[in-house]
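> What follows is a structure written as structure tokens; I'll ask about it next.
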Amino acid sequence: MNSQQFQNSMLKLIIETSTNLPADVRKQIAAARVKEEMGTRSAIALGTIAENIIMAAESEGPICQDTGMPTFHIHCPVGANQIEMKKGILAAIVEATKLGKLRPNSVDSLTGKNSGDNLGPGTPVIHFEQWEKDYIDVRLILKGGGCENKNIQYSLPCELEGLGKAGRDLDGIRKCILHAVYQAQGQGCSAGFIGVGIGGDRTSGYTLAKEQLFRRVDDVNPNEQLRQLEEYIMENANKLSIGTMGFGGNVSLLGCKIGVMNRLPASFYVSVAYNCWAYRRQGVKINPATGVIEDWIYTGDSVDLGQVQETAVAGDNRQVVLQAPITEEQIRSLKVGDVVVINGAMHTGRDAFHKYMMDHDCPVDLNGGVLYHCGPVMLKDETGKWHVKAAGPTTSSREEPYQADIIKKFGIRAVIGKGGMGAKTLAGLKEHGAVYLNAIGGAAQYYAQCVKDVDGVDFLDEFGIPEAMWHLQVEGFTAIVTMDSHGNSLHADVEQESLKKLSDFKEPVFA
Ligand SMILES: O=C(O)C[C@H](O)C(=O)O
Ligand code: SF4
């Protein structure tokens with residue numbers, strides 16, 4: 001095996017996976033666009049997603065700033081040197097991070113320190129298995145943390161919100177899967193793809209679920225019962241009307257793949273791995289003698305993602321341009337559904353920032369300011385200047401315990417994130433005159449292009465690149481008001497509506 005060549009092949013695989021969505025995934029996104037009515041929030045969001053996919057491929061930039069947990073599944077002939085292969089993968093990961101194709105994403109769980117190069121205990125994940133074929137098959141999935149948080153494991157029998165009892169049979173499994181889509185709402189950047197593992201133990205069940213994500217979206221399950229269940233889920237999960245980013249709409253799920261394995265008599269798990277629309281997986285066939293890529297695995301004809309300019313605004317909703325700093329009066333005039341275009345200063349702050357700010361002063365004046373829940377991919381040039389390489393929103397609900405207090409303490413007027421926030425924040429927005437704006441999750445190239453300058457950074461050494469406070473100048477940064485200063489929340493409405501719709505699926509189907 002030529003180790004240097006194998007390492008180069010792994011670097012190519014990582015870059016392709018992070019920056020270019022495979023044809024089968026693109027096809028589902030193109031089909032979803034056709035199903036949403038023009039001008040609706042979900043249609044606008046899908047338009048941005050399509051534009052982002054095209055931009056990422058053209059510029060070889062990360063589709064989403066969260067480049068996830070690199071997970072490799074490798075099949076190799078007997079005699080292929082796994083120690084050398086592992087070394088090549090680790091070196092390629094470090095190189096891809098330096099090039100800004102991966103975000104430094106490996107964090108010490110106790111100290112919070114980012115290793116900076118995506119290596120560390122448990123990262124990346126590499127599974128090897130030998131086989132009798134004569135080539136090496138390497139598959140990679142980059143699954144982000146936000147959708148990972150929406151994975152769920154059910155232990156049957158159980159009682160499910162909206163659906164009642166789920167027993168130890170195919171119908172109980174059906175209920176679990178519908179519930180899994182419901183509970184994710186928009187927070188895993190819907191519309192998503194799910195892999196389901198039936199059986200196993202808690203660990204192997206999730207492994208089986210994740211293995212389903214390596215299946216092609218357009219394959220057919222060889223198990224007839226599971227084929228029927230997959231078809232049923234694809235048809236009915238979309239009736240929950242969660243929509244893209246949880247904006248409400250006709251498409252909530254883009255793919256469902258189900259696998260089964262044996263279990264212990266006492267255990268019956270249904271494990272669901274939820275993957276966002278930014279379903280980044282690719283694979284290569286490698287010549288074991290040369291280390292060269294001989295073929296790509298997830299290929300297909302090129303897909304027309306449709307018109308990317310989706311500017312129409314839904315119903316009576318307006319488009320409002322705001323220059324930061326923003327006044328209370330401007331904020332009070334905004335209503336759920338308005339499209340807001342922001343120009344001027346914006347500051348990033350996510351998990352570490354919120355916790356720290358509860359009992360520290362802020363290094364910059366945030367009065368009238370805009371706080372962006374975002375952990376970008378950043379690169380420094382030779383002159384020491386920082387550049388944004390990818391900068392979409394992160395899931396806001398993690399900041400729920402802090403947000404209202406932080407808004408009050410610093411006089412923030414707009415918080416931008418995705419997936420929405422809860423009752424405490426909604427009350428805080430009303431009391432202090434602030435607004436929550438939902439940006440399109442995963443649209444990291446689209447938003448990176450809005451950043452015209454990086455003014456500086458705080459807490460870089462302490463928190464690492466994704467968690468640092470980046471001070472940005474933006475132009476034309478577009479997001480939708482989903483929680484206003486009058487007590488309205490689109491997220492609460494969609495959740496309630498979808499729970500009602502979930503209960504339509506209470507009656508047995510697979511008796
Ligand atoms: O970490 C991030 O930047 C985003 C994360 O994947 C999320 O969906 O919340
Ligand atoms: S931000 Fe959204 S698209 Fe990106 S990894 Fe997280 S869930 Fe996926």
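So you can find residues: chains in the structure tokens are A, B, ... in the order shown, residues in each start at 1, and ligands are numbered from 1 in order.
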Taking only C-alpha atoms and all ligand atoms and a cut-off of 10 Å, can you tell me which residues surround ligand 2, written as a PDB file with C-alpha atoms, in the first residue's frame?

```pdb
ATOM      1  CA  ILE A  49     -30.881  25.473   0.891  1.00  0.00           C
ATOM      2  CA  PRO A  62     -18.372  23.222   3.767  1.00  0.00           C
ATOM      3  CA  ILE A  63     -22.110  22.835   3.079  1.00  0.00           C
ATOM      4  CA  CYS A  64     -22.736  23.335   6.810  1.00  0.00           C
ATOM      5  CA  GLN A  65     -20.309  24.851   9.323  1.00  0.00           C
ATOM      6  CA  ASP A  66     -20.874  21.870  11.618  1.00  0.00           C
ATOM      7  CA  THR A  67     -18.839  19.292   9.741  1.00  0.00           C
ATOM      8  CA  GLY A  68     -19.904  16.744  12.321  1.00  0.00           C
ATOM      9  CA  MET A  69     -18.325  13.639  13.728  1.00  0.00           C
ATOM     10  CA  LEU A 142     -20.272  13.764   8.466  1.00  0.00           C
ATOM     11  CA  LYS A 143     -23.269  14.035  10.787  1.00  0.00           C
ATOM     12  CA  GLY A 144     -23.593  17.247  12.740  1.00  0.00           C
ATOM     13  CA  GLY A 145     -24.311  17.698  16.435  1.00  0.00           C
ATOM     14  CA  GLY A 146     -27.701  19.367  16.088  1.00  0.00           C
ATOM     15  CA  CYS A 147     -29.327  16.452  14.309  1.00  0.00           C
ATOM     16  CA  GLU A 148     -27.402  13.997  16.496  1.00  0.00           C
ATOM     17  CA  ASN A 149     -29.199  15.568  19.478  1.00  0.00           C
ATOM     18  CA  LYS A 150     -32.500  14.580  17.882  1.00  0.00           C
ATOM     19  CA  GLY A 186     -37.299  21.655  12.950  1.00  0.00           C
ATOM     20  CA  GLN A 187     -34.379  21.422  15.336  1.00  0.00           C
ATOM     21  CA  GLY A 188     -32.361  18.862  13.382  1.00  0.00           C
ATOM     22  CA  CYS A 189     -32.674  21.103  10.295  1.00  0.00           C
ATOM     23  CA  SER A 190     -35.681  19.363   8.805  1.00  0.00           C
ATOM     24  CA  ALA A 191     -36.566  18.036   6.367  1.00  0.00           C
ATOM     25  CA  GLY A 192     -34.452  15.122   7.553  1.00  0.00           C
ATOM     26  CA  MET A 245     -36.766  24.202   9.506  1.00  0.00           C
ATOM     27  CA  TYR A 274     -31.920  11.607  12.603  1.00  0.00           C
ATOM     28  CA  ASN A 275     -29.879  13.279   9.883  1.00  0.00           C
ATOM     29  CA  CYS A 276     -30.478  16.849   8.737  1.00  0.00           C
ATOM     30  CA  TRP A 277     -31.073  17.728   5.079  1.00  0.00           C
ATOM     31  CA  ALA A 278     -27.286  18.350   4.916  1.00  0.00           C
ATOM     32  CA  TYR A 279     -26.854  14.609   4.607  1.00  0.00           C
ATOM     33  CA  ARG A 280     -23.166  14.413   3.900  1.00  0.00           C
ATOM     34  CA  CYS A 374     -23.270  30.429  15.336  1.00  0.00           C
ATOM     35  CA  GLY A 375     -20.008  28.502  15.489  1.00  0.00           C
ATOM     36  CA  ALA A 391     -21.351  30.386   9.094  1.00  0.00           C
ATOM     37  CA  GLY A 392     -24.864  28.984   9.450  1.00  0.00           C
ATOM     38  CA  PRO A 393     -26.900  29.059  12.683  1.00  0.00           C
ATOM     39  CA  THR A 394     -26.769  26.518  15.503  1.00  0.00           C
ATOM     40  CA  THR A 395     -29.722  25.101  17.490  1.00  0.00           C
ATOM     41  CA  GLY A 417     -30.467  31.029  15.507  1.00  0.00           C
ATOM     42  CA  LYS A 418     -32.516  28.088  14.376  1.00  0.00           C
ATOM     43  CA  GLY A 419     -35.140  25.722  15.712  1.00  0.00           C
ATOM     44  CA  ILE A 440     -31.850  28.643   7.590  1.00  0.00           C
ATOM     45  CA  GLY A 441     -29.920  25.864   9.312  1.00  0.00           C
ATOM     46  CA  GLY A 442     -27.066  24.402   7.320  1.00  0.00           C
ATOM     47  CA  ALA A 443     -26.952  27.303   4.843  1.00  0.00           C
ATOM     48  CA  ALA A 444     -23.380  28.024   5.856  1.00  0.00           C
TER      49      ALA A 444
END
```
> List the spatial neighbours of Val336 in chain A as a list in words - criterion: any atom at most 9 Å away, only C-alpha atoms, same-chain residues fewer than 3 positions off excluded.
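Answer for this query is Asn317, Val339, Ile480, Val481, Thr482, Met483, Asp484, Asn488, Ser489 and Leu490 of chain A.
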> Once DSSP has gone over the backbone, tell me which residues of range 10-255 of chain A are in strand (DSSP E or B), as a ChimeraX atom specification.
/A:69-77,107,114,120,123,125-131,136-143,152-155,158-160,164-166,192-198,253-255
> Enumerate as a PyMOL selection string all residues of range 224-348 of chain A assigned to alpha helix (DSSP H) by DSSP on the backbone, naming them with the chain letters and numbers the document uses.
chain A and resi 224-236+328-332
> Could you tell me how far CA of Lys409 in chain A sits from CA of Gln330 in chain A, in Å to one decimal place?
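If I compute the distance from CA of Gln330 in chain A to CA of Lys409 in chain A, I get 19.8 Å.
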> Figure out the distance between CA of Thr17 in chain A and CA of Arg281 in chain A, please, to one decimal in Å.
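Distance between the two atoms: 5.6 Å.
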> Write out as a PDB file with C-alpha atoms, in the first residue's frame the residues lying within 8 Å of range 229-240 of chain A, counting only C-alpha atoms and excluding same-chain residues fewer than 5 positions away.

```pdb
ATOM      1  CA  ARG A 174     -44.480   2.394  13.257  1.00  0.00           C
ATOM      2  CA  ILE A 177     -40.817   6.229  13.979  1.00  0.00           C
ATOM      3  CA  LEU A 178     -43.634   8.744  13.528  1.00  0.00           C
ATOM      4  CA  VAL A 181     -40.039  12.681  13.342  1.00  0.00           C
ATOM      5  CA  TYR A 182     -42.489  14.666  15.476  1.00  0.00           C
ATOM      6  CA  ASN A 250     -45.739  19.691   3.169  1.00  0.00           C
ATOM      7  CA  VAL A 251     -42.312  18.071   3.484  1.00  0.00           C
ATOM      8  CA  SER A 252     -40.897  16.988   6.859  1.00  0.00           C
ATOM      9  CA  LEU A 253     -39.012  13.833   5.909  1.00  0.00           C
ATOM     10  CA  LEU A 254     -36.795  13.130   2.902  1.00  0.00           C
ATOM     11  CA  GLY A 255     -35.810   9.537   3.554  1.00  0.00           C
ATOM     12  CA  CYS A 256     -36.483   6.571   5.849  1.00  0.00           C
ATOM     13  CA  LYS A 257     -34.364   3.402   5.968  1.00  0.00           C
ATOM     14  CA  ILE A 258     -35.073   0.609   8.420  1.00  0.00           C
ATOM     15  CA  SER A 498     -48.139  18.688  14.528  1.00  0.00           C
ATOM     16  CA  LEU A 499     -49.048  17.003  17.828  1.00  0.00           C
ATOM     17  CA  LYS A 501     -51.789  15.608  13.427  1.00  0.00           C
ATOM     18  CA  LEU A 502     -49.666  12.951  15.121  1.00  0.00           C
TER      19      LEU A 502
END
```
> Tell me, as number ranges by chain, which residues lie within 12 Å of range 83-93 of chain A, counting only C-alpha atoms; anything in the same chain fewer than 5 positions away does not count.
A: 1-15, 18, 67, 69-76, 98-106, 116-120, 122-128, 136-140, 142, 286, 288, 291
> I'd like the neighbourhood of Ala166 in chain A as a PyMOL selection string, where a residue qualifies if any of its atoms comes within 10 Å (using only C-alpha atoms), though same-chain residues fewer than 2 positions away should be ignored.
chain A and resi 154-160+163-164+168-176+506+508
> Restricting the output to C-alpha atoms, write the selected residues as a PDB file, in the first residue's frame.

```pdb
ATOM      1  CA  TYR A 154     -37.476   3.765  22.375  1.00  0.00           C
ATOM      2  CA  SER A 155     -37.821   0.780  24.659  1.00  0.00           C
ATOM      3  CA  LEU A 156     -41.020  -1.128  23.860  1.00  0.00           C
ATOM      4  CA  PRO A 157     -43.661  -1.328  25.146  1.00  0.00           C
ATOM      5  CA  CYS A 158     -44.071   2.369  25.874  1.00  0.00           C
ATOM      6  CA  GLU A 159     -46.611   5.150  25.973  1.00  0.00           C
ATOM      7  CA  LEU A 160     -46.132   7.847  23.315  1.00  0.00           C
ATOM      8  CA  LEU A 163     -50.098   8.010  19.819  1.00  0.00           C
ATOM      9  CA  GLY A 164     -50.863   6.024  22.961  1.00  0.00           C
ATOM     10  CA  ARG A 168     -43.734  -5.007  20.769  1.00  0.00           C
ATOM     11  CA  ASP A 169     -44.819  -5.418  17.159  1.00  0.00           C
ATOM     12  CA  LEU A 170     -44.585  -3.779  13.762  1.00  0.00           C
ATOM     13  CA  ASP A 171     -47.332  -1.339  14.648  1.00  0.00           C
ATOM     14  CA  GLY A 172     -45.494  -0.265  17.813  1.00  0.00           C
ATOM     15  CA  ILE A 173     -42.401   0.319  15.673  1.00  0.00           C
ATOM     16  CA  ARG A 174     -44.480   2.394  13.257  1.00  0.00           C
ATOM     17  CA  LYS A 175     -45.602   4.625  16.122  1.00  0.00           C
ATOM     18  CA  CYS A 176     -42.042   5.101  17.398  1.00  0.00           C
ATOM     19  CA  LYS A 506     -53.138   6.421  16.720  1.00  0.00           C
ATOM     20  CA  PRO A 508     -53.340   0.355  14.271  1.00  0.00           C
TER      21      PRO A 508
END
```
